[in-house]
Structure formats: structure tokens, C-alpha cells
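**Student:** Sharing protein_36.txt below, compact mmCIF, N, CA and C atoms:
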```
# COMPACT_ATOMS: atom_id res chain seq x y z
N ALA A 1 -16.47 -6.79 -7.55
CA ALA A 1 -16.01 -7.75 -8.55
C ALA A 1 -14.92 -8.66 -7.99
N GLY A 2 -14.70 -8.62 -6.68
CA GLY A 2 -13.74 -9.54 -6.06
C GLY A 2 -12.32 -9.37 -6.56
N ASP A 3 -11.63 -10.50 -6.73
CA ASP A 3 -10.22 -10.48 -7.15
C ASP A 3 -10.03 -9.82 -8.51
N LYS A 4 -10.98 -10.01 -9.42
CA LYS A 4 -10.86 -9.40 -10.75
C LYS A 4 -10.93 -7.88 -10.65
N GLY A 5 -11.81 -7.38 -9.80
CA GLY A 5 -11.92 -5.94 -9.61
C GLY A 5 -10.69 -5.36 -8.96
N THR A 6 -10.17 -6.05 -7.96
CA THR A 6 -8.95 -5.58 -7.29
C THR A 6 -7.78 -5.55 -8.26
N GLU A 7 -7.66 -6.57 -9.08
CA GLU A 7 -6.57 -6.61 -10.06
C GLU A 7 -6.74 -5.52 -11.11
N ALA A 8 -7.97 -5.21 -11.49
CA ALA A 8 -8.22 -4.13 -12.45
C ALA A 8 -7.75 -2.79 -11.87
N VAL A 9 -8.03 -2.56 -10.59
CA VAL A 9 -7.58 -1.33 -9.94
C VAL A 9 -6.04 -1.31 -9.89
N ALA A 10 -5.43 -2.43 -9.55
CA ALA A 10 -3.97 -2.51 -9.49
C ALA A 10 -3.36 -2.20 -10.86
N GLN A 11 -3.94 -2.71 -11.91
CA GLN A 11 -3.42 -2.45 -13.26
C GLN A 11 -3.54 -0.97 -13.62
N GLU A 12 -4.63 -0.35 -13.23
CA GLU A 12 -4.81 1.08 -13.51
C GLU A 12 -3.77 1.92 -12.76
N VAL A 13 -3.49 1.56 -11.50
CA VAL A 13 -2.47 2.28 -10.72
C VAL A 13 -1.09 2.07 -11.36
N ARG A 14 -0.81 0.85 -11.82
CA ARG A 14 0.47 0.59 -12.50
C ARG A 14 0.60 1.43 -13.78
N ARG A 15 -0.50 1.54 -14.53
CA ARG A 15 -0.48 2.36 -15.76
C ARG A 15 -0.23 3.83 -15.42
N TRP A 16 -0.85 4.32 -14.35
CA TRP A 16 -0.64 5.70 -13.91
C TRP A 16 0.84 5.93 -13.64
N ALA A 17 1.45 5.05 -12.86
CA ALA A 17 2.87 5.20 -12.52
C ALA A 17 3.74 5.11 -13.78
N ALA A 18 3.42 4.22 -14.68
CA ALA A 18 4.23 4.02 -15.89
C ALA A 18 4.19 5.25 -16.80
N ARG A 19 3.12 6.04 -16.74
CA ARG A 19 3.02 7.24 -17.57
C ARG A 19 3.90 8.39 -17.05
N LEU A 20 4.37 8.29 -15.82
CA LEU A 20 5.17 9.36 -15.22
C LEU A 20 6.64 9.20 -15.59
N ASP A 21 7.36 10.31 -15.69
CA ASP A 21 8.78 10.28 -16.03
C ASP A 21 9.59 9.43 -15.05
N THR A 22 9.23 9.51 -13.77
CA THR A 22 9.97 8.77 -12.74
C THR A 22 9.53 7.32 -12.64
N GLY A 23 8.38 6.98 -13.21
CA GLY A 23 7.86 5.62 -13.12
C GLY A 23 7.20 5.33 -11.78
N LYS A 24 7.14 6.36 -10.93
CA LYS A 24 6.52 6.21 -9.62
C LYS A 24 5.67 7.43 -9.30
N ILE A 25 4.62 7.22 -8.55
CA ILE A 25 3.71 8.27 -8.14
C ILE A 25 4.29 8.98 -6.90
N SER A 26 4.16 10.28 -6.84
CA SER A 26 4.69 11.00 -5.68
C SER A 26 3.87 10.65 -4.44
N LYS A 27 4.51 10.77 -3.29
CA LYS A 27 3.81 10.52 -2.03
C LYS A 27 2.65 11.49 -1.83
N GLN A 28 2.83 12.72 -2.28
CA GLN A 28 1.76 13.70 -2.15
C GLN A 28 0.55 13.28 -2.98
N ASP A 29 0.76 12.85 -4.20
CA ASP A 29 -0.35 12.43 -5.06
C ASP A 29 -1.02 11.15 -4.57
N ALA A 30 -0.28 10.34 -3.82
CA ALA A 30 -0.84 9.09 -3.28
C ALA A 30 -1.41 9.28 -1.88
N TYR A 31 -1.35 10.51 -1.35
CA TYR A 31 -1.81 10.80 0.01
C TYR A 31 -1.10 9.92 1.04
N TYR A 32 0.21 9.84 0.93
CA TYR A 32 1.04 9.04 1.83
C TYR A 32 1.11 9.68 3.21
N PHE A 33 0.92 8.88 4.23
CA PHE A 33 1.08 9.31 5.63
C PHE A 33 2.10 8.39 6.29
N PRO A 34 2.93 8.91 7.20
CA PRO A 34 3.95 8.08 7.83
C PRO A 34 3.39 6.98 8.73
N GLN A 35 2.10 7.03 9.04
CA GLN A 35 1.44 5.95 9.76
C GLN A 35 -0.02 5.94 9.34
N THR A 36 -0.70 4.82 9.56
CA THR A 36 -2.10 4.76 9.15
C THR A 36 -2.90 5.84 9.88
N PRO A 37 -3.87 6.43 9.19
CA PRO A 37 -4.64 7.51 9.81
C PRO A 37 -5.62 7.03 10.88
N ILE A 38 -5.84 5.75 10.97
CA ILE A 38 -6.74 5.18 11.97
C ILE A 38 -5.87 4.44 12.99
N PRO A 39 -6.20 4.45 14.27
CA PRO A 39 -5.32 3.87 15.30
C PRO A 39 -4.85 2.44 15.03
N PHE A 40 -3.61 2.19 15.43
CA PHE A 40 -3.01 0.87 15.30
C PHE A 40 -3.89 -0.16 16.00
N GLY A 41 -4.01 -1.31 15.40
CA GLY A 41 -4.81 -2.38 15.99
C GLY A 41 -6.24 -2.37 15.47
N VAL A 42 -6.70 -1.21 15.03
CA VAL A 42 -8.05 -1.10 14.48
C VAL A 42 -7.99 -1.20 12.96
N TRP A 43 -6.89 -0.73 12.41
CA TRP A 43 -6.74 -0.63 10.96
C TRP A 43 -5.45 -1.32 10.54
N GLU A 44 -5.52 -2.30 9.69
CA GLU A 44 -4.33 -3.03 9.28
C GLU A 44 -3.87 -2.69 7.87
N TYR A 45 -4.51 -1.72 7.25
CA TYR A 45 -4.11 -1.37 5.90
C TYR A 45 -2.93 -0.42 5.97
N LYS A 46 -1.75 -0.96 5.91
CA LYS A 46 -0.52 -0.20 5.96
C LYS A 46 0.43 -0.76 4.92
N CYS A 47 1.49 -0.05 4.64
CA CYS A 47 2.38 -0.43 3.55
C CYS A 47 2.79 -1.91 3.58
N GLU A 48 3.15 -2.42 4.74
CA GLU A 48 3.65 -3.80 4.78
C GLU A 48 2.60 -4.85 4.43
N THR A 49 1.32 -4.46 4.36
CA THR A 49 0.28 -5.40 3.96
C THR A 49 -0.25 -5.10 2.56
N CYS A 50 0.42 -4.23 1.83
CA CYS A 50 -0.01 -3.83 0.48
C CYS A 50 0.72 -4.66 -0.58
N ARG A 51 0.05 -4.92 -1.66
CA ARG A 51 0.65 -5.72 -2.74
C ARG A 51 1.82 -5.03 -3.42
N PHE A 52 1.95 -3.71 -3.27
CA PHE A 52 3.04 -2.99 -3.92
C PHE A 52 4.28 -2.83 -3.03
N TYR A 53 4.18 -3.26 -1.78
CA TYR A 53 5.28 -3.09 -0.81
C TYR A 53 6.45 -4.00 -1.15
N GLN A 54 7.65 -3.45 -1.04
CA GLN A 54 8.89 -4.20 -1.27
C GLN A 54 9.76 -4.09 -0.01
N PRO A 55 9.71 -5.10 0.87
CA PRO A 55 10.43 -4.98 2.15
C PRO A 55 11.94 -4.77 2.01
N ASP A 56 12.54 -5.28 0.93
CA ASP A 56 13.97 -5.12 0.73
C ASP A 56 14.28 -4.05 -0.31
N GLY A 57 13.27 -3.32 -0.72
CA GLY A 57 13.47 -2.24 -1.70
C GLY A 57 14.16 -2.71 -2.95
N ASP A 58 15.23 -2.04 -3.30
CA ASP A 58 16.02 -2.38 -4.49
C ASP A 58 17.16 -3.32 -4.14
N GLY A 59 16.99 -4.08 -3.08
CA GLY A 59 18.06 -4.97 -2.63
C GLY A 59 18.98 -4.30 -1.63
N ASP A 60 18.64 -3.07 -1.24
CA ASP A 60 19.50 -2.34 -0.30
C ASP A 60 19.02 -2.45 1.15
N GLY A 61 17.95 -3.22 1.37
CA GLY A 61 17.44 -3.41 2.72
C GLY A 61 16.52 -2.31 3.20
N SER A 62 16.28 -1.30 2.37
CA SER A 62 15.41 -0.18 2.73
C SER A 62 14.05 -0.39 2.08
N PRO A 63 12.97 -0.52 2.87
CA PRO A 63 11.64 -0.77 2.29
C PRO A 63 11.23 0.33 1.31
N LYS A 64 10.61 -0.12 0.23
CA LYS A 64 10.13 0.79 -0.80
C LYS A 64 8.79 0.30 -1.31
N CYS A 65 8.16 1.12 -2.11
CA CYS A 65 6.93 0.75 -2.80
C CYS A 65 7.27 0.67 -4.28
N SER A 66 6.71 -0.30 -4.96
CA SER A 66 7.00 -0.41 -6.40
C SER A 66 6.36 0.71 -7.20
N LEU A 67 5.38 1.42 -6.62
CA LEU A 67 4.67 2.45 -7.37
C LEU A 67 4.64 3.83 -6.75
N VAL A 68 4.93 3.95 -5.46
CA VAL A 68 4.83 5.25 -4.77
C VAL A 68 6.17 5.61 -4.14
N GLY A 69 6.52 6.89 -4.24
CA GLY A 69 7.73 7.40 -3.59
C GLY A 69 8.80 7.77 -4.59
N GLN A 70 9.04 9.06 -4.70
CA GLN A 70 10.07 9.56 -5.60
C GLN A 70 11.23 10.08 -4.77
N GLU A 71 12.39 10.16 -5.36
CA GLU A 71 13.60 10.52 -4.64
C GLU A 71 13.49 11.81 -3.83
N GLY A 72 12.86 12.84 -4.35
CA GLY A 72 12.78 14.12 -3.64
C GLY A 72 11.54 14.29 -2.78
N ASP A 73 10.74 13.25 -2.64
CA ASP A 73 9.51 13.38 -1.85
C ASP A 73 9.80 13.68 -0.39
N PRO A 74 8.94 14.54 0.22
CA PRO A 74 9.06 14.73 1.67
C PRO A 74 8.71 13.42 2.38
N ILE A 75 9.08 13.31 3.61
CA ILE A 75 8.83 12.12 4.43
C ILE A 75 9.54 10.89 3.85
N GLY A 76 10.83 10.99 3.67
CA GLY A 76 11.62 9.81 3.35
C GLY A 76 11.96 9.55 1.90
N GLY A 77 11.74 10.51 1.02
CA GLY A 77 12.10 10.30 -0.38
C GLY A 77 11.39 9.11 -0.99
N ASP A 78 12.15 8.18 -1.58
CA ASP A 78 11.52 7.03 -2.22
C ASP A 78 11.31 5.86 -1.26
N GLY A 79 11.79 5.98 -0.03
CA GLY A 79 11.60 4.93 0.96
C GLY A 79 10.22 5.02 1.59
N VAL A 80 9.70 3.89 2.02
CA VAL A 80 8.42 3.87 2.74
C VAL A 80 8.60 3.14 4.06
N HIS A 81 7.79 3.50 5.01
CA HIS A 81 7.82 2.84 6.31
C HIS A 81 6.78 1.72 6.32
N PRO A 82 7.09 0.57 6.92
CA PRO A 82 6.13 -0.54 6.94
C PRO A 82 4.77 -0.17 7.53
N ASP A 83 4.74 0.76 8.49
CA ASP A 83 3.48 1.15 9.12
C ASP A 83 2.81 2.35 8.45
N ALA A 84 3.40 2.85 7.38
CA ALA A 84 2.82 3.99 6.66
C ALA A 84 1.59 3.55 5.87
N TRP A 85 0.93 4.51 5.26
CA TRP A 85 -0.30 4.24 4.52
C TRP A 85 -0.42 5.23 3.38
N CYS A 86 -1.07 4.82 2.29
CA CYS A 86 -1.44 5.76 1.24
C CYS A 86 -2.77 5.33 0.64
N ALA A 87 -3.35 6.21 -0.14
CA ALA A 87 -4.68 5.96 -0.71
C ALA A 87 -4.66 4.89 -1.79
N LEU A 88 -3.49 4.44 -2.21
CA LEU A 88 -3.40 3.43 -3.26
C LEU A 88 -3.23 2.02 -2.71
N TRP A 89 -3.39 1.86 -1.40
CA TRP A 89 -3.25 0.56 -0.77
C TRP A 89 -4.21 -0.46 -1.41
N LEU A 90 -3.67 -1.63 -1.71
CA LEU A 90 -4.48 -2.75 -2.19
C LEU A 90 -4.02 -4.01 -1.48
N PRO A 91 -4.94 -4.93 -1.17
CA PRO A 91 -4.54 -6.15 -0.46
C PRO A 91 -3.57 -6.99 -1.29
N GLU A 92 -2.74 -7.74 -0.57
CA GLU A 92 -1.80 -8.63 -1.25
C GLU A 92 -2.58 -9.63 -2.11
N ASP A 93 -1.93 -10.15 -3.14
CA ASP A 93 -2.57 -11.14 -3.99
C ASP A 93 -3.12 -12.27 -3.15
N GLY A 94 -4.35 -12.66 -3.42
CA GLY A 94 -4.98 -13.77 -2.71
C GLY A 94 -5.61 -13.41 -1.38
N ARG A 95 -5.48 -12.17 -0.97
CA ARG A 95 -6.07 -11.73 0.30
C ARG A 95 -7.29 -10.88 0.02
N LYS A 96 -8.34 -11.08 0.77
CA LYS A 96 -9.58 -10.34 0.56
C LYS A 96 -9.59 -9.07 1.42
N TRP A 97 -10.39 -8.08 0.97
CA TRP A 97 -10.57 -6.84 1.72
C TRP A 97 -11.16 -7.18 3.09
N PHE A 98 -10.70 -6.54 4.11
CA PHE A 98 -11.17 -6.68 5.49
C PHE A 98 -10.99 -8.10 6.05
N GLU A 99 -10.17 -8.93 5.42
CA GLU A 99 -9.92 -10.28 5.90
C GLU A 99 -9.28 -10.25 7.29
N TYR A 100 -8.53 -9.20 7.58
CA TYR A 100 -7.87 -9.11 8.89
C TYR A 100 -8.88 -9.08 10.02
N VAL A 101 -10.08 -8.54 9.78
CA VAL A 101 -11.10 -8.50 10.83
C VAL A 101 -11.53 -9.91 11.18
N THR A 102 -11.81 -10.71 10.18
CA THR A 102 -12.20 -12.11 10.40
C THR A 102 -11.09 -12.88 11.10
N GLU A 103 -9.86 -12.65 10.69
CA GLU A 103 -8.71 -13.33 11.31
C GLU A 103 -8.65 -13.00 12.80
N ARG A 104 -8.84 -11.74 13.14
CA ARG A 104 -8.80 -11.33 14.56
C ARG A 104 -9.93 -11.98 15.33
N LEU A 105 -11.12 -11.96 14.78
CA LEU A 105 -12.28 -12.53 15.47
C LEU A 105 -12.12 -14.04 15.68
N GLU A 106 -11.44 -14.68 14.74
CA GLU A 106 -11.24 -16.13 14.85
C GLU A 106 -9.94 -16.46 15.58
N GLY A 107 -9.21 -15.44 16.03
CA GLY A 107 -8.00 -15.66 16.81
C GLY A 107 -6.81 -16.14 16.01
N GLU A 108 -6.79 -15.86 14.71
CA GLU A 108 -5.69 -16.31 13.84
C GLU A 108 -4.50 -15.39 13.87
N VAL A 109 -4.68 -14.17 14.38
CA VAL A 109 -3.56 -13.21 14.38
C VAL A 109 -3.22 -12.85 15.80
```
Take the structure I supplied and represent it as C-alpha cells, if you would.

**Tutor:**
Amino acid sequence: AGDKGTEAVAQEVRRWAARLDTGKISKQDAYYFPQTPIPFGVWEYKCETCRFYQPDGDGDGSPKCSLVGQEGDPIGGDGVHPDAWCALWLPEDGRKWFEYVTERLEGEV
């Protein structure tokens, strides 16, 4: 369903987080890994390319996710690493799935 389908998934993930006391999904429930499970350069789906990523966090300069990471979570608490990955990754607004492959083939990246 293209952009409409992606946004529908994003809304469902936001509703899931909003139902929780902390307002955020735990890293364990999101299957968070400190780096993408597929080798670098082959897979570009990592936190810094996700629509939920916040590079400046809460204004403290520490990257965070708007929906994943609770204070007591293992592997960094509520902070996320730019190269990390979780199962809730979604492309940034206006970006298509697997667009990075086309960009590489066309020499744009």
C-alpha cells in the first residue's frame, strides 16, 4: 500500500507505545540490537535511518528513539545508537523501502 501502508504501520506502533505506562516500548520487545544484524554496507536499515530516530534525543545530545527504549533497558537504557536496529524500523517520511539499493546502484551514496 506504499506510503499509506507505511504510515498505517507507524500509527499502530505509536498506539502500542502510547498504551504503555512509560510511553515507550522496551528494547527487548522491539528486538533491539546494538548494530544491524546484517553486515554493514549490505543493510542500511538502522536507527539513524528510521522515522522514529531522534539524533539529539531530548535536547541533551544523546540519540534516542521516540518509541523504543526505556530507562532501565539493557544495552543503553533509553538511549539508542545510530547504527543499532530493531524490528520496528520504518523508513523516514518520503523515503521508499529499499530505496538505498537504487541509490547505491546509481552512485548517489

**Student:** Using Å and a single decimal, report how far CA of Glu48 in chain A sits from CA of Val9 in chain A.

**Tutor:**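 We find that CA of Val9 in chain A and CA of Glu48 in chain A lie 18.7 Å from each other.
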
**Student:** When DSSP is applied to the backbone of this structure, which of range 13-96 of chain A are assigned helix (DSSP H, G or I)? Write them out as a short mmCIF file (atom, residue, chain, number, x, y, z; two decimals) with N, CA and C atoms, in the frame of the given file.

**Tutor:**
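Okay, this is what ended up in selection-v4.cif:
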```
data_model
loop_
_atom_site.label_atom_id
_atom_site.label_comp_id
_atom_site.auth_asym_id
_atom_site.auth_seq_id
_atom_site.Cartn_x
_atom_site.Cartn_y
_atom_site.Cartn_z
N VAL A 13 -3.49 1.56 -11.50
CA VAL A 13 -2.47 2.28 -10.72
C VAL A 13 -1.09 2.07 -11.36
N ARG A 14 -0.81 0.85 -11.82
CA ARG A 14 0.47 0.59 -12.50
C ARG A 14 0.60 1.43 -13.78
N ARG A 15 -0.50 1.54 -14.53
CA ARG A 15 -0.48 2.36 -15.76
C ARG A 15 -0.23 3.83 -15.42
N TRP A 16 -0.85 4.32 -14.35
CA TRP A 16 -0.64 5.70 -13.91
C TRP A 16 0.84 5.93 -13.64
N ALA A 17 1.45 5.05 -12.86
CA ALA A 17 2.87 5.20 -12.52
C ALA A 17 3.74 5.11 -13.78
N ALA A 18 3.42 4.22 -14.68
CA ALA A 18 4.23 4.02 -15.89
C ALA A 18 4.19 5.25 -16.80
N ARG A 19 3.12 6.04 -16.74
CA ARG A 19 3.02 7.24 -17.57
C ARG A 19 3.90 8.39 -17.05
N CYS A 47 1.49 -0.05 4.64
CA CYS A 47 2.38 -0.43 3.55
C CYS A 47 2.79 -1.91 3.58
N GLU A 48 3.15 -2.42 4.74
CA GLU A 48 3.65 -3.80 4.78
C GLU A 48 2.60 -4.85 4.43
N THR A 49 1.32 -4.46 4.36
CA THR A 49 0.28 -5.40 3.96
C THR A 49 -0.25 -5.10 2.56
#
```

**Student:** Could you jot down the CA of Trp16 in chain A to CA of Ser66 in chain A separation for me, Å, one decimal place?

**Tutor:**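 Those two atoms sit 12.3 Å apart.
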
**Student:** Could you please determine the separation between CA of Asp83 in chain A and CA of Gly61 in chain A in Å, to one decimal place?

**Tutor:**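 CA of Gly61 in chain A lies at a distance of 16.0 Å from CA of Asp83 in chain A.
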
**Student:** Using the file's own x, y and z axes, what box holds all listed atoms of range 1-16 of chain A with 5 Å on each side, keeping edges along x, y and z, and what are its centre and edge lengths in Å to one decimal, as JSON?

**Tutor:**
```
{"center_x": -7.8, "center_y": -2.3, "center_z": -10.9, "size_x": 27.3, "size_y": 26.4, "size_z": 19.7}
```

**Student:** Point out the residue among A:Arg95, A:Lys27, A:Lys64, A:Lys4 with the least atom-to-atom distance to His81 in chain A, counting only N, CA and C atoms.

**Tutor:**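 Closest to His81 in chain A of all the choices is A:Lys64.
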
**Student:** List the spatial neighbours of Gln70 in chain A as a list of chain:residue names - criterion: any atom at most 6 Å away, only N, CA and C atoms, same-chain residues fewer than 4 positions off excluded.

**Tutor:**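 The neighbour list is A:Lys24, A:Ile25, A:Ser26, A:Lys27, A:Gly77, A:Asp78.
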
**Student:** Do you know which residues are at most 12 Å from Gln54 in chain A counting only C-alpha atoms, after dropping those on the same chain fewer than 5 positions away, and could you put them as a ChimeraX atom specification?

**Tutor:** /A:47-49,59-69,78-82,92

**Student:** Which is closest to Asp29 in chain A among A:Ala10, A:Cys86, A:Cys50, A:Ile75, if we use only N, CA and C atoms?

**Tutor:**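 Of A:Ala10, A:Cys86, A:Cys50, A:Ile75, the one nearest Asp29 in chain A, counting only N, CA and C atoms, is A:Cys86.
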